[in-house]
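Participant: So that you have it, the file is target-v9.csv, and it contains CSV, C-alpha atoms and all ligand atoms:
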```csv
chain,number,residue,atom,x,y,z
A,1,MET,CA,-20.4,-55.9,-2.7
A,2,TYR,CA,-19.2,-52.7,-4.4
A,3,LYS,CA,-18.1,-53.0,-8.0
A,4,PRO,CA,-14.4,-52.0,-8.0
A,5,PHE,CA,-13.6,-48.9,-10.2
A,6,GLU,CA,-10.4,-49.5,-12.1
A,7,ILE,CA,-8.8,-46.2,-13.2
A,8,LYS,CA,-6.2,-47.9,-15.2
A,9,GLU,CA,-4.6,-51.4,-15.1
A,10,ASN,CA,-4.3,-52.5,-11.4
A,11,LEU,CA,-5.1,-49.0,-10.1
A,12,PHE,CA,-8.4,-48.7,-8.3
A,13,TYR,CA,-10.5,-45.9,-6.7
A,14,VAL,CA,-11.7,-46.6,-3.2
A,15,GLY,CA,-12.6,-43.0,-2.1
A,16,VAL,CA,-15.9,-41.7,-0.7
A,17,ASN,CA,-18.2,-38.7,-1.0
A,18,ASP,CA,-19.2,-36.5,2.0
A,19,ARG,CA,-22.6,-34.8,1.5
A,20,ILE,CA,-23.2,-34.5,5.2
A,21,LYS,CA,-20.6,-32.1,6.5
A,22,HIS,CA,-21.6,-28.4,6.3
A,23,LEU,CA,-18.1,-27.0,7.0
A,24,PHE,CA,-14.8,-28.3,5.8
A,25,GLU,CA,-12.2,-27.9,8.6
A,26,ASN,CA,-15.3,-26.7,10.5
A,27,LEU,CA,-14.8,-23.4,8.7
A,28,TRP,CA,-15.5,-23.6,4.9
A,29,PRO,CA,-19.0,-24.2,3.6
A,30,LEU,CA,-19.5,-27.3,1.4
A,31,PRO,CA,-22.6,-26.5,-0.7
A,32,LYS,CA,-21.5,-29.1,-3.2
A,33,GLY,CA,-19.9,-31.5,-0.7
A,34,VAL,CA,-16.4,-32.9,-1.0
A,35,SER,CA,-14.8,-36.3,-1.8
A,36,TYR,CA,-12.0,-37.9,0.1
A,37,ASN,CA,-10.0,-39.9,-2.5
A,38,SER,CA,-8.1,-43.0,-1.8
A,39,TYR,CA,-6.5,-45.5,-4.2
A,40,ILE,CA,-5.2,-49.1,-4.3
A,41,ILE,CA,-2.4,-50.3,-6.5
A,42,HIS,CA,-3.0,-54.1,-6.8
A,43,ASP,CA,0.4,-55.4,-7.8
A,44,GLU,CA,2.6,-58.2,-6.5
A,45,LYS,CA,2.7,-56.1,-3.4
A,46,THR,CA,-0.5,-54.1,-2.6
A,47,ALA,CA,-0.4,-50.4,-1.7
A,48,LEU,CA,-3.2,-48.2,-0.4
A,49,ILE,CA,-2.6,-44.5,-1.0
A,50,ASP,CA,-4.1,-42.3,1.7
A,51,THR,CA,-7.3,-43.1,3.7
A,52,VAL,CA,-10.5,-41.1,4.3
A,53,ASP,CA,-12.3,-39.2,7.0
A,54,ILE,CA,-13.1,-41.5,9.9
A,55,CYS,CA,-16.9,-40.9,9.5
A,56,TYR,CA,-16.7,-42.9,6.2
A,57,SER,CA,-14.4,-45.7,7.4
A,58,ASP,CA,-17.1,-48.5,7.1
A,59,VAL,CA,-17.8,-47.7,3.4
A,60,PHE,CA,-14.1,-47.3,2.8
A,61,PHE,CA,-13.2,-50.7,4.3
A,62,ASN,CA,-16.0,-52.4,2.2
A,63,LYS,CA,-14.5,-50.7,-0.9
A,64,ILE,CA,-11.1,-52.0,-0.1
A,65,ARG,CA,-12.4,-55.5,0.4
A,66,SER,CA,-14.2,-55.3,-3.0
A,67,VAL,CA,-10.8,-54.8,-4.6
A,68,LEU,CA,-8.5,-57.0,-2.4
A,69,GLY,CA,-10.8,-59.6,-1.1
A,70,ASP,CA,-8.9,-61.4,1.7
A,71,LYS,CA,-5.5,-60.2,0.4
A,72,PRO,CA,-3.5,-58.0,2.9
A,73,ILE,CA,-2.5,-54.4,2.3
A,74,ASP,CA,1.3,-54.5,2.2
A,75,TYR,CA,1.9,-50.7,2.3
A,76,LEU,CA,-0.2,-47.7,3.3
A,77,ILE,CA,1.3,-44.6,1.6
A,78,VAL,CA,0.5,-41.5,3.7
A,79,ASN,CA,0.9,-38.5,1.5
A,80,HIS,CA,-0.8,-36.2,3.9
A,81,MET,CA,-1.7,-36.4,7.6
A,82,GLU,CA,-4.6,-34.0,7.9
A,83,PRO,CA,-7.4,-36.1,9.4
A,84,ASP,CA,-9.6,-35.9,6.3
A,85,HIS,CA,-7.1,-38.3,4.8
A,86,SER,CA,-5.4,-39.9,7.8
A,87,GLY,CA,-8.6,-40.4,10.0
A,88,SER,CA,-9.0,-44.0,9.2
A,89,ILE,CA,-5.4,-45.1,9.7
A,90,GLU,CA,-5.8,-46.3,13.3
A,91,LEU,CA,-8.9,-48.5,12.5
A,92,LEU,CA,-7.2,-49.7,9.2
A,93,LYS,CA,-4.2,-50.9,11.2
A,94,THR,CA,-6.4,-53.0,13.4
A,95,ARG,CA,-7.7,-54.8,10.3
A,96,TYR,CA,-4.4,-55.0,8.5
A,97,PRO,CA,-1.8,-55.3,11.3
A,98,GLY,CA,1.0,-56.4,9.1
A,99,MET,CA,0.7,-53.3,6.8
A,100,LYS,CA,3.8,-51.0,6.6
A,101,ILE,CA,3.0,-47.3,6.9
A,102,VAL,CA,5.1,-45.3,4.5
A,103,GLY,CA,5.8,-41.6,5.0
A,104,ASN,CA,8.6,-39.2,5.8
A,105,ALA,CA,10.1,-38.2,9.1
A,106,ARG,CA,7.4,-35.6,9.7
A,107,THR,CA,4.7,-38.1,8.9
A,108,ALA,CA,6.2,-40.4,11.5
A,109,ASP,CA,6.1,-37.7,14.1
A,110,MET,CA,2.4,-37.0,13.4
A,111,LEU,CA,1.5,-40.7,13.3
A,112,LYS,CA,2.8,-41.0,16.8
A,113,GLY,CA,1.2,-37.8,18.0
A,114,TYR,CA,-2.3,-38.3,16.5
A,115,TYR,CA,-2.7,-42.1,16.6
A,116,GLY,CA,0.1,-43.4,18.9
A,117,ILE,CA,1.5,-45.4,16.0
A,118,THR,CA,5.3,-46.1,16.1
A,119,ASP,CA,5.7,-49.7,14.8
A,120,ASN,CA,5.8,-50.8,11.2
A,121,VAL,CA,6.5,-47.3,10.0
A,122,MET,CA,8.8,-47.0,7.0
A,123,VAL,CA,10.5,-43.6,6.8
A,124,ILE,CA,11.5,-42.6,3.3
A,125,GLU,CA,13.6,-39.7,2.0
A,126,ASP,CA,12.9,-37.4,-0.9
A,127,LYS,CA,13.0,-39.1,-4.3
A,128,GLU,CA,13.4,-42.6,-2.7
A,129,GLU,CA,11.7,-45.4,-4.6
A,130,LEU,CA,9.7,-48.4,-3.6
A,131,CYS,CA,9.0,-51.3,-6.0
A,132,LEU,CA,5.6,-53.1,-5.8
A,133,GLY,CA,6.3,-55.4,-8.8
A,134,LYS,CA,5.3,-53.8,-12.1
A,135,ASN,CA,4.8,-50.4,-10.4
A,136,THR,CA,7.7,-48.4,-9.0
A,137,LEU,CA,6.7,-45.6,-6.6
A,138,GLN,CA,8.8,-42.5,-6.2
A,139,PHE,CA,8.2,-40.1,-3.4
A,140,TYR,CA,8.5,-36.4,-3.8
A,141,LEU,CA,8.5,-34.4,-0.5
A,142,THR,CA,6.4,-31.2,-1.1
A,143,PRO,CA,6.3,-29.6,2.4
A,144,MET,CA,3.6,-27.0,3.0
A,145,VAL,CA,1.4,-28.1,0.2
A,146,HIS,CA,-0.5,-28.1,2.5
A,147,TRP,CA,1.2,-29.3,5.8
A,148,PRO,CA,4.9,-29.7,6.5
A,149,GLU,CA,4.8,-33.5,6.0
A,150,THR,CA,2.9,-33.4,2.7
A,151,MET,CA,4.4,-35.4,-0.1
A,152,MET,CA,3.4,-36.7,-3.5
A,153,THR,CA,3.8,-40.3,-4.8
A,154,TYR,CA,4.6,-40.9,-8.5
A,155,VAL,CA,4.3,-44.2,-10.3
A,156,LYS,CA,7.1,-44.1,-12.9
A,157,GLU,CA,5.7,-46.8,-15.3
A,158,SER,CA,2.1,-45.4,-15.6
A,159,LYS,CA,3.2,-41.7,-15.1
A,160,THR,CA,0.5,-41.3,-12.4
A,161,LEU,CA,0.9,-38.7,-9.7
A,162,PHE,CA,-0.8,-39.0,-6.4
A,163,SER,CA,-0.7,-35.3,-5.5
A,164,ALA,CA,-2.3,-35.1,-2.0
A,165,ASP,CA,-4.4,-31.9,-1.7
A,166,ALA,CA,-2.7,-30.3,-4.8
A,167,PHE,CA,-5.0,-30.0,-7.8
A,168,GLY,CA,-7.9,-31.0,-5.6
A,169,THR,CA,-11.3,-29.3,-5.3
A,170,PHE,CA,-14.4,-29.1,-3.3
A,171,GLY,CA,-17.4,-30.9,-4.8
A,172,THR,CA,-18.4,-34.6,-4.7
A,173,LEU,CA,-18.0,-37.1,-7.5
A,174,ASP,CA,-21.5,-37.5,-8.6
A,175,GLY,CA,-21.3,-40.8,-10.5
A,176,GLY,CA,-18.2,-40.1,-12.6
A,177,ILE,CA,-14.8,-40.2,-11.0
A,178,LEU,CA,-12.5,-39.5,-14.0
A,179,ASP,CA,-12.7,-36.1,-15.7
A,180,SER,CA,-13.6,-37.9,-18.9
A,181,GLN,CA,-16.8,-39.2,-17.2
A,182,LEU,CA,-18.1,-35.9,-16.0
A,183,CYS,CA,-18.4,-32.2,-16.8
A,184,PRO,CA,-15.3,-30.5,-15.2
A,185,ASP,CA,-16.8,-27.0,-15.6
A,186,LYS,CA,-18.7,-27.3,-12.3
A,187,TYR,CA,-15.4,-27.8,-10.4
A,188,TRP,CA,-13.2,-24.8,-11.6
A,189,ASP,CA,-14.7,-22.2,-9.2
A,190,GLU,CA,-14.6,-24.7,-6.4
A,191,MET,CA,-11.0,-25.5,-7.2
A,192,VAL,CA,-10.1,-21.8,-6.8
A,193,ARG,CA,-12.1,-21.5,-3.6
A,194,TYR,CA,-10.4,-24.6,-2.3
A,195,TYR,CA,-6.9,-23.4,-3.3
A,196,SER,CA,-7.3,-19.8,-2.1
A,197,ASN,CA,-8.8,-20.7,1.3
A,198,ILE,CA,-6.9,-23.9,2.2
A,199,VAL,CA,-3.6,-23.6,0.4
A,200,GLY,CA,-3.5,-19.9,-0.5
A,201,LYS,CA,-1.0,-19.0,2.2
A,202,PHE,CA,1.6,-21.3,0.8
A,203,GLY,CA,2.3,-19.8,-2.6
A,204,SER,CA,6.1,-20.2,-2.4
A,205,PRO,CA,6.0,-23.9,-1.3
A,206,VAL,CA,3.5,-24.6,-4.2
A,207,GLN,CA,5.9,-22.9,-6.6
A,208,ALA,CA,8.8,-25.0,-5.2
A,209,ALA,CA,6.7,-28.2,-5.7
A,210,LEU,CA,5.8,-27.3,-9.2
A,211,LYS,CA,9.5,-26.7,-10.0
A,212,LYS,CA,10.4,-30.0,-8.5
A,213,LEU,CA,7.9,-31.8,-10.6
A,214,ALA,CA,8.6,-29.8,-13.8
A,215,GLY,CA,10.6,-32.5,-15.6
A,216,VAL,CA,8.2,-35.3,-14.5
A,217,GLY,CA,5.9,-36.7,-17.2
A,218,ILE,CA,2.4,-36.8,-15.9
A,219,GLU,CA,-0.5,-38.6,-17.6
A,220,THR,CA,-2.8,-38.9,-14.7
A,221,ILE,CA,-3.3,-36.8,-11.5
A,222,CYS,CA,-4.9,-38.5,-8.5
A,223,SER,CA,-5.6,-35.8,-6.0
A,224,THR,CA,-7.2,-36.4,-2.6
A,225,HIS,CA,-10.2,-34.3,-3.5
A,226,GLY,CA,-12.3,-34.1,-6.6
A,227,PRO,CA,-12.0,-35.6,-10.1
A,228,ILE,CA,-9.1,-37.7,-11.3
A,229,TRP,CA,-7.4,-35.7,-14.1
A,230,THR,CA,-6.6,-37.8,-17.1
A,231,GLU,CA,-7.2,-35.6,-20.1
A,232,THR,CA,-4.2,-33.6,-21.4
A,233,ASP,CA,-6.2,-30.4,-21.6
A,234,ASN,CA,-7.4,-30.7,-18.0
A,235,ILE,CA,-4.0,-31.7,-16.7
A,236,GLY,CA,-2.6,-28.6,-18.4
A,237,LYS,CA,-5.4,-26.5,-17.0
A,238,VAL,CA,-5.1,-27.6,-13.3
A,239,VAL,CA,-1.3,-27.3,-13.3
A,240,SER,CA,-1.4,-23.8,-14.9
A,241,LEU,CA,-4.1,-22.7,-12.5
A,242,TYR,CA,-2.0,-23.7,-9.5
A,243,ASP,CA,1.0,-22.0,-11.1
A,244,LYS,CA,-0.9,-18.8,-11.6
A,245,LEU,CA,-2.6,-18.8,-8.2
A,246,SER,CA,0.5,-19.5,-6.3
A,247,LYS,CA,2.3,-16.6,-8.0
A,248,TYR,CA,-0.7,-14.5,-7.0
A,249,GLU,CA,-1.4,-13.6,-10.6
A,250,ALA,CA,-4.9,-12.8,-11.6
A,251,ASP,CA,-7.3,-12.0,-14.4
A,252,LYS,CA,-8.7,-8.7,-15.4
A,253,GLY,CA,-11.5,-7.9,-13.1
A,254,LEU,CA,-12.5,-6.1,-10.0
A,255,VAL,CA,-13.8,-7.2,-6.6
A,256,ILE,CA,-15.5,-4.6,-4.5
A,257,ALA,CA,-15.9,-5.9,-0.9
A,258,TYR,CA,-17.6,-3.6,1.6
A,259,GLY,CA,-19.3,-3.5,4.9
A,260,SER,CA,-22.3,-1.3,5.5
A,261,MET,CA,-24.6,-0.9,8.5
A,262,TYR,CA,-27.4,1.3,7.0
A,263,GLY,CA,-26.5,1.4,3.3
A,264,ASN,CA,-24.5,4.6,3.1
A,265,VAL,CA,-21.1,2.9,2.4
A,266,GLU,CA,-22.9,0.4,0.1
A,267,GLN,CA,-24.2,3.3,-2.0
A,268,LEU,CA,-20.6,4.5,-2.4
A,269,ALA,CA,-19.7,1.0,-3.5
A,270,GLU,CA,-22.5,1.1,-6.1
A,271,VAL,CA,-21.2,4.4,-7.6
A,272,ILE,CA,-17.7,2.9,-7.9
A,273,ALA,CA,-19.0,-0.3,-9.5
A,274,ALA,CA,-21.2,1.6,-12.0
A,275,GLU,CA,-18.4,3.8,-13.0
A,276,ALA,CA,-15.9,0.9,-13.4
A,277,ALA,CA,-18.5,-0.8,-15.7
A,278,GLN,CA,-18.8,2.5,-17.7
A,279,CYS,CA,-15.0,2.4,-18.1
A,280,GLY,CA,-15.1,-1.1,-19.7
A,281,ILE,CA,-14.5,-3.4,-16.8
A,282,ARG,CA,-16.7,-6.5,-17.4
A,283,ASN,CA,-15.8,-8.8,-14.5
A,284,ILE,CA,-17.0,-6.9,-11.5
A,285,VAL,CA,-17.9,-8.8,-8.3
A,286,MET,CA,-19.5,-7.0,-5.4
A,287,HIS,CA,-19.5,-8.6,-2.0
A,288,ASN,CA,-21.4,-7.4,1.1
A,289,VAL,CA,-19.1,-8.9,3.8
A,290,SER,CA,-22.1,-9.4,6.1
A,291,LYS,CA,-23.8,-11.6,3.5
A,292,SER,CA,-21.1,-13.3,1.4
A,293,HIS,CA,-19.1,-16.0,3.1
A,294,ASN,CA,-15.4,-15.0,3.4
A,295,SER,CA,-14.4,-18.1,1.4
A,296,GLU,CA,-16.3,-16.7,-1.6
A,297,ILE,CA,-14.8,-13.3,-1.2
A,298,ILE,CA,-11.3,-14.7,-0.9
A,299,ARG,CA,-11.9,-16.9,-4.0
A,300,ASP,CA,-12.8,-13.9,-6.1
A,301,ILE,CA,-10.0,-11.8,-4.8
A,302,PHE,CA,-7.6,-14.5,-5.9
A,303,LYS,CA,-9.3,-14.5,-9.3
A,304,TYR,CA,-9.2,-10.8,-10.1
A,305,LYS,CA,-6.4,-8.2,-10.2
A,306,GLY,CA,-8.4,-5.2,-9.0
A,307,LEU,CA,-9.5,-4.9,-5.3
A,308,ILE,CA,-11.4,-2.2,-3.7
A,309,ILE,CA,-12.4,-2.5,0.0
A,310,GLY,CA,-14.9,-0.2,1.8
A,311,SER,CA,-15.8,0.0,5.5
A,312,PRO,CA,-17.7,2.1,8.0
A,313,THR,CA,-16.0,3.1,11.1
A,314,TYR,CA,-17.3,0.8,13.9
A,315,ASN,CA,-16.2,1.3,17.5
A,316,ASN,CA,-13.2,3.3,16.2
A,317,LYS,CA,-12.1,0.3,14.1
A,318,LEU,CA,-12.9,-1.4,10.8
A,319,TYR,CA,-16.4,-2.9,10.5
A,320,PRO,CA,-16.0,-6.5,11.9
A,321,GLY,CA,-16.6,-8.3,8.6
A,322,VAL,CA,-14.1,-6.1,6.9
A,323,GLU,CA,-11.6,-6.7,9.7
A,324,ASN,CA,-12.0,-10.4,9.2
A,325,LEU,CA,-11.5,-10.1,5.5
A,326,VAL,CA,-8.3,-8.0,5.7
A,327,HIS,CA,-6.9,-10.3,8.3
A,328,ALA,CA,-7.6,-13.3,6.1
A,329,LEU,CA,-5.9,-11.6,3.1
A,330,GLN,CA,-2.8,-10.8,5.3
A,331,ASN,CA,-2.7,-14.4,6.5
A,332,ARG,CA,-2.6,-15.6,2.9
A,333,ASN,CA,0.2,-13.2,2.0
A,334,LEU,CA,-1.9,-11.9,-0.9
A,335,LYS,CA,0.3,-9.9,-3.3
A,336,ASN,CA,0.2,-8.3,-6.7
A,337,ARG,CA,-3.1,-6.4,-6.6
A,338,PHE,CA,-4.3,-2.9,-7.7
A,339,PHE,CA,-5.9,-1.7,-4.5
A,340,GLY,CA,-8.3,1.1,-3.7
A,341,TYR,CA,-10.2,1.8,-0.6
A,342,PHE,CA,-13.0,3.9,0.9
A,343,GLY,CA,-14.9,4.3,4.1
A,344,GLY,CA,-17.6,6.2,6.0
A,345,PHE,CA,-18.0,7.6,9.5
A,346,THR,CA,-20.5,9.6,11.5
A,347,TRP,CA,-18.4,11.6,14.0
A,348,ALA,CA,-14.8,10.3,14.0
A,349,GLY,CA,-13.2,8.4,11.1
A,350,ALA,CA,-10.9,5.4,11.6
A,351,ALA,CA,-11.8,2.9,8.8
A,352,VAL,CA,-9.9,4.7,6.0
A,353,LYS,CA,-6.9,5.1,8.2
A,354,GLN,CA,-6.9,1.4,9.0
A,355,LEU,CA,-7.4,0.4,5.4
A,356,LYS,CA,-4.3,2.4,4.6
A,357,GLU,CA,-2.3,0.6,7.3
A,358,PHE,CA,-3.5,-2.7,5.8
A,359,SER,CA,-2.5,-1.7,2.3
A,360,ASP,CA,1.0,-0.5,3.6
A,361,LYS,CA,1.6,-4.0,4.9
A,362,MET,CA,0.7,-5.7,1.6
A,363,GLU,CA,2.6,-5.6,-1.7
A,364,PHE,CA,-0.3,-3.7,-3.4
A,365,GLU,CA,-0.2,-0.9,-5.9
A,366,ILE,CA,-2.4,1.8,-4.4
A,367,ILE,CA,-4.8,3.3,-6.9
A,368,ASN,CA,-5.9,6.9,-6.4
A,369,GLU,CA,-6.8,8.7,-3.2
A,370,PRO,CA,-9.2,6.9,-0.9
A,371,VAL,CA,-12.7,8.2,-0.5
A,372,GLU,CA,-13.7,9.1,3.1
A,373,MET,CA,-17.3,9.9,3.5
A,374,LYS,CA,-18.8,11.7,6.5
A,375,GLN,CA,-22.3,10.5,7.2
A,376,SER,CA,-24.0,10.2,3.8
A,377,LEU,CA,-23.4,10.4,0.1
A,378,ASN,CA,-23.3,13.8,-1.7
A,379,ASN,CA,-22.2,14.9,-5.1
A,380,ASP,CA,-18.6,15.6,-4.0
A,381,TYR,CA,-18.2,12.0,-2.6
A,382,MET,CA,-19.8,10.6,-5.7
A,383,GLU,CA,-17.3,12.5,-7.9
A,384,GLN,CA,-14.4,11.2,-5.7
A,385,ALA,CA,-15.8,7.6,-6.0
A,386,ARG,CA,-16.0,7.9,-9.8
A,387,ARG,CA,-12.4,9.1,-9.9
A,388,LEU,CA,-11.3,6.1,-7.9
A,389,ALA,CA,-13.2,3.8,-10.3
A,390,GLN,CA,-11.8,5.5,-13.3
A,391,ALA,CA,-8.2,5.2,-12.1
A,392,MET,CA,-8.8,1.5,-11.3
A,393,ALA,CA,-10.3,0.8,-14.7
A,394,GLU,CA,-7.5,2.7,-16.4
A,395,LYS,CA,-5.0,0.5,-14.6
A,396,LEU,CA,-6.8,-2.7,-15.4
A,397,ASN,CA,-7.3,-1.8,-19.0
A,398,SER,CA,-3.7,-0.7,-19.5
A,399,GLU,CA,-2.3,-3.9,-18.0
A,400,VAL,CA,-4.3,-6.0,-20.4
A,401,GLU,CA,-3.0,-3.8,-23.3
A,402,VAL,CA,0.6,-4.4,-22.1
A,403,MET,CA,0.0,-8.1,-22.0
A,404,SER,CA,-1.5,-8.1,-25.6
A,405,VAL,CA,1.6,-6.3,-26.8
A,406,ARG,CA,3.8,-8.9,-25.1
A,407,ALA,CA,1.8,-11.7,-26.8
A,408,ASP,CA,2.2,-10.0,-30.2
A,409,THR,CA,5.9,-9.5,-29.7
A,410,SER,CA,6.4,-13.2,-28.8
A,411,CYS,CA,4.6,-14.2,-32.1
A,412,HIS,CA,7.2,-12.5,-34.3
B,501,LIG,FE1,-7.5,-32.5,2.3
B,501,LIG,FE2,-5.0,-30.7,3.8
B,501,LIG,O1,-6.3,-32.0,3.7
```
If you took the structure in this file and wrote it as structure tokens, what would it be?
Facilitator:
Amino acid sequence: MYKPFEIKENLFYVGVNDRIKHLFENLWPLPKGVSYNSYIIHDEKTALIDTVDICYSDVFFNKIRSVLGDKPIDYLIVNHMEPDHSGSIELLKTRYPGMKIVGNARTADMLKGYYGITDNVMVIEDKEELCLGKNTLQFYLTPMVHWPETMMTYVKESKTLFSADAFGTFGTLDGGILDSQLCPDKYWDEMVRYYSNIVGKFGSPVQAALKKLAGVGIETICSTHGPIWTETDNIGKVVSLYDKLSKYEADKGLVIAYGSMYGNVEQLAEVIAAEAAQCGIRNIVMHNVSKSHNSEIIRDIFKYKGLIIGSPTYNNKLYPGVENLVHALQNRNLKNRFFGYFGGFTWAGAAVKQLKEFSDKMEFEIINEPVEMKQSLNNDYMEQARRLAQAMAEKLNSEVEVMSVRADTSCH
């Protein structure tokens, strides 16, 4: 029998770790695994909040029994219907047939479509409340964080927010479950990779959700993935990280992402990086698109304000890896970047022209002229590359100076 883990009085963790799957959504690598979090509130009425991926339903049901014994589940709260959280609902219903499934109108539509469930579904409205005894649940509809039915559940008495995917991260819970039991540092990069790849397209809905929750006192955040946030500093950090990322704000730094077949475009990238470093830029990340996974490149592009993309011309188009990357950035509505670009060709250039078309569609500030190299590097191309790097560095350095002046002003 599992030993129940009590987060706080009458609130238990019954989630699981996935160290088997290689790809989340069959797309995103999971080098550190992922957890699917689920919770039980054991009150006069019992409530289970979200379920887990169906592959782990046996472990999940045993954990539920370790908390409830033979008691029934009165309510299943469905904050999010993506199958990593809803996958066990149908099986759960066979074990707990009297359980009411609580969600909004969109949840009900998906319950019917995915699992054929139409009975015992309780449809709630935004801000509606449900009393379990000592715990009062209040539901906040937060559409598109990450699907249209997504909502959050808040326990008024204990100031606990069950936030669905929001404030979640890749990475299993290796022993510790609460932030106070583990070292949170290993999760920050994975939180940005999770946000930028999974939720990154939905900056405006995330902003709307943060505004809706602005006046709500939060002492514990129970996300569907990763640690439970209980420490004030960590709660502040995850909320401000979501605020910053959803506004497409970024730190001082430069990502140079390039494709290169035989190393010529790569050498141009090296010249740009070396010159940017000479000009004082410390956070420089170079990604060869044929080697780095797109999820890592996208993560770093969400982190840093400067972006330079380079591509050879390939079949009169962008290099395929670069094409994938720019498409992914367009799909995520990335904004608010300083952008430079460069490319190479052998007999007819198309890459630079297409990178210009990409930048015209985005709300980027274009830095300097692009560098378009025919065949291989020479002194002239090197000089153009250095000018691009210098202009980018000047922009990044001056923006930080402006921010310092603002900070000084606010202190007086
Ligand atoms: Fe963790 Fe959007 O599912």
Participant: Dump the neighbourhood of ligand LIG 501 (chain B) as a ChimeraX atom specification: all residues within 12 Å, distances computed on all atoms listed in the file.
Facilitator: /A:24-25,34-38,50-53,78-87,143-151,163-170,194-195,197-200,202,223-226
Participant: Between A:Lys361, A:Asn336, A:Ser292, A:Tyr258, which one has atoms that come closest to Pro312 (chain A), using all atoms listed in the file?
Facilitator: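 Residue with the minimum atom-to-atom distance to Pro312 (chain A): A:Tyr258.
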Participant: Identify which of the residues A:Val285, A:Met191, A:Ile77, A:Leu91 lies closest to Thr107 (chain A), counting all atoms listed in the file when measuring atom-to-atom distances.
Facilitator: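 Closest to Thr107 (chain A) of all the choices is A:Ile77.
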Participant: Just the residues within 8 Å of Glu44 (chain A), please, counting only C-alpha atoms, with nothing from its chain fewer than 4 positions along; format it as a VMD selection string.
Facilitator: chain A and resid 132 to 134
Participant: For Ser240 (chain A), please output as a PDB file with C-alpha atoms, in the frame of the given file all residues within 10 Å (counting all atoms listed in the file; exclusion window: fewer than 6 positions along the same chain).
Facilitator:
```pdb
ATOM      1  CA  LEU A 210       5.800 -27.300  -9.200  1.00  0.00           C
ATOM      2  CA  ASN A 234      -7.400 -30.700 -18.000  1.00  0.00           C
ATOM      3  CA  SER A 246       0.500 -19.500  -6.300  1.00  0.00           C
TER       4      SER A 246
END
```
Participant: Can you tell me which residues surround region 369-384 of chain A at a distance of at most 6 Å, considering only C-alpha atoms, apart from same-chain residues fewer than 4 positions away, and format the answer as a list of chain:residue names?
Facilitator: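 Counting only the stated atoms, we get A:Asn264, A:Tyr341, A:Phe342, A:Gly343, A:Gly344, A:Phe345, A:Thr346.
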Participant: So that I can see what lies close to region 120-123 of chain A, please list as a ChimeraX atom specification the residues with an atom at most 8 Å from it, counting all atoms listed in the file and leaving out residues fewer than 3 positions away in the same chain.
Facilitator: /A:98-105,108
Participant: Counting only C-alpha atoms, which residue out of A:Lys201, A:Arg282, A:His287, A:Lys237 sits closest to Ala257 (chain A)?
Facilitator: A:His287
Participant: Compile the contact shell of Pro97 (chain A) as a PyMOL selection string: residues with an atom at most 12 Å away, counting all atoms listed in the file, same-chain residues fewer than 5 positions apart removed.
Facilitator: chain A and resi 72-76+89-92+117+119-121
Participant: Produce a file of the selected residues containing C-alpha atoms, as a PDB file, in the frame of the given file.
Facilitator:
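For reference, again16.pdb as written:
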```pdb
ATOM      1  CA  PRO A  72      -3.500 -58.000   2.900  1.00  0.00           C
ATOM      2  CA  ILE A  73      -2.500 -54.400   2.300  1.00  0.00           C
ATOM      3  CA  ASP A  74       1.300 -54.500   2.200  1.00  0.00           C
ATOM      4  CA  TYR A  75       1.900 -50.700   2.300  1.00  0.00           C
ATOM      5  CA  LEU A  76      -0.200 -47.700   3.300  1.00  0.00           C
ATOM      6  CA  ILE A  89      -5.400 -45.100   9.700  1.00  0.00           C
ATOM      7  CA  GLU A  90      -5.800 -46.300  13.300  1.00  0.00           C
ATOM      8  CA  LEU A  91      -8.900 -48.500  12.500  1.00  0.00           C
ATOM      9  CA  LEU A  92      -7.200 -49.700   9.200  1.00  0.00           C
ATOM     10  CA  ILE A 117       1.500 -45.400  16.000  1.00  0.00           C
ATOM     11  CA  ASP A 119       5.700 -49.700  14.800  1.00  0.00           C
ATOM     12  CA  ASN A 120       5.800 -50.800  11.200  1.00  0.00           C
ATOM     13  CA  VAL A 121       6.500 -47.300  10.000  1.00  0.00           C
TER      14      VAL A 121
END
```
Participant: Between A:Arg193, A:Arg387, A:Arg19, A:His42, which has the minimum distance to Ser66 (chain A) (counting only C-alpha atoms)?
Facilitator: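 For Ser66 (chain A), the nearest of the candidates is A:His42.
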Participant: Between A:Leu254, A:Leu334, A:Ile308, A:Ile218, which one has atoms that come closest to Glu363 (chain A), using all atoms listed in the file?
Facilitator: A:Leu334
Participant: Separation of CA of Lys252 (chain A) and CA of Ala328 (chain A), in Å?
Facilitator: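 That distance, rounded to one decimal, is 22.0 Å.
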Participant: Can you work out the spacing between CA of Val206 (chain A) and CA of Arg332 (chain A) in Å, to one decimal?
Facilitator: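 Spanning CA of Val206 (chain A) to CA of Arg332 (chain A) is a straight-line distance of 13.0 Å.
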Participant: Which distance in Å separates CA of Phe302 (chain A) and CA of Met152 (chain A), to one decimal?
Facilitator: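 We find that CA of Phe302 (chain A) and CA of Met152 (chain A) lie 24.9 Å from each other.
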Participant: Nearest residue to Ser196 (chain A) out of A:Ala351, A:Leu30, A:Met1, A:Leu329, using all atoms listed in the file?
Facilitator: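 Of A:Ala351, A:Leu30, A:Met1, A:Leu329, the one nearest Ser196 (chain A) is A:Leu329, counting all atoms listed in the file.
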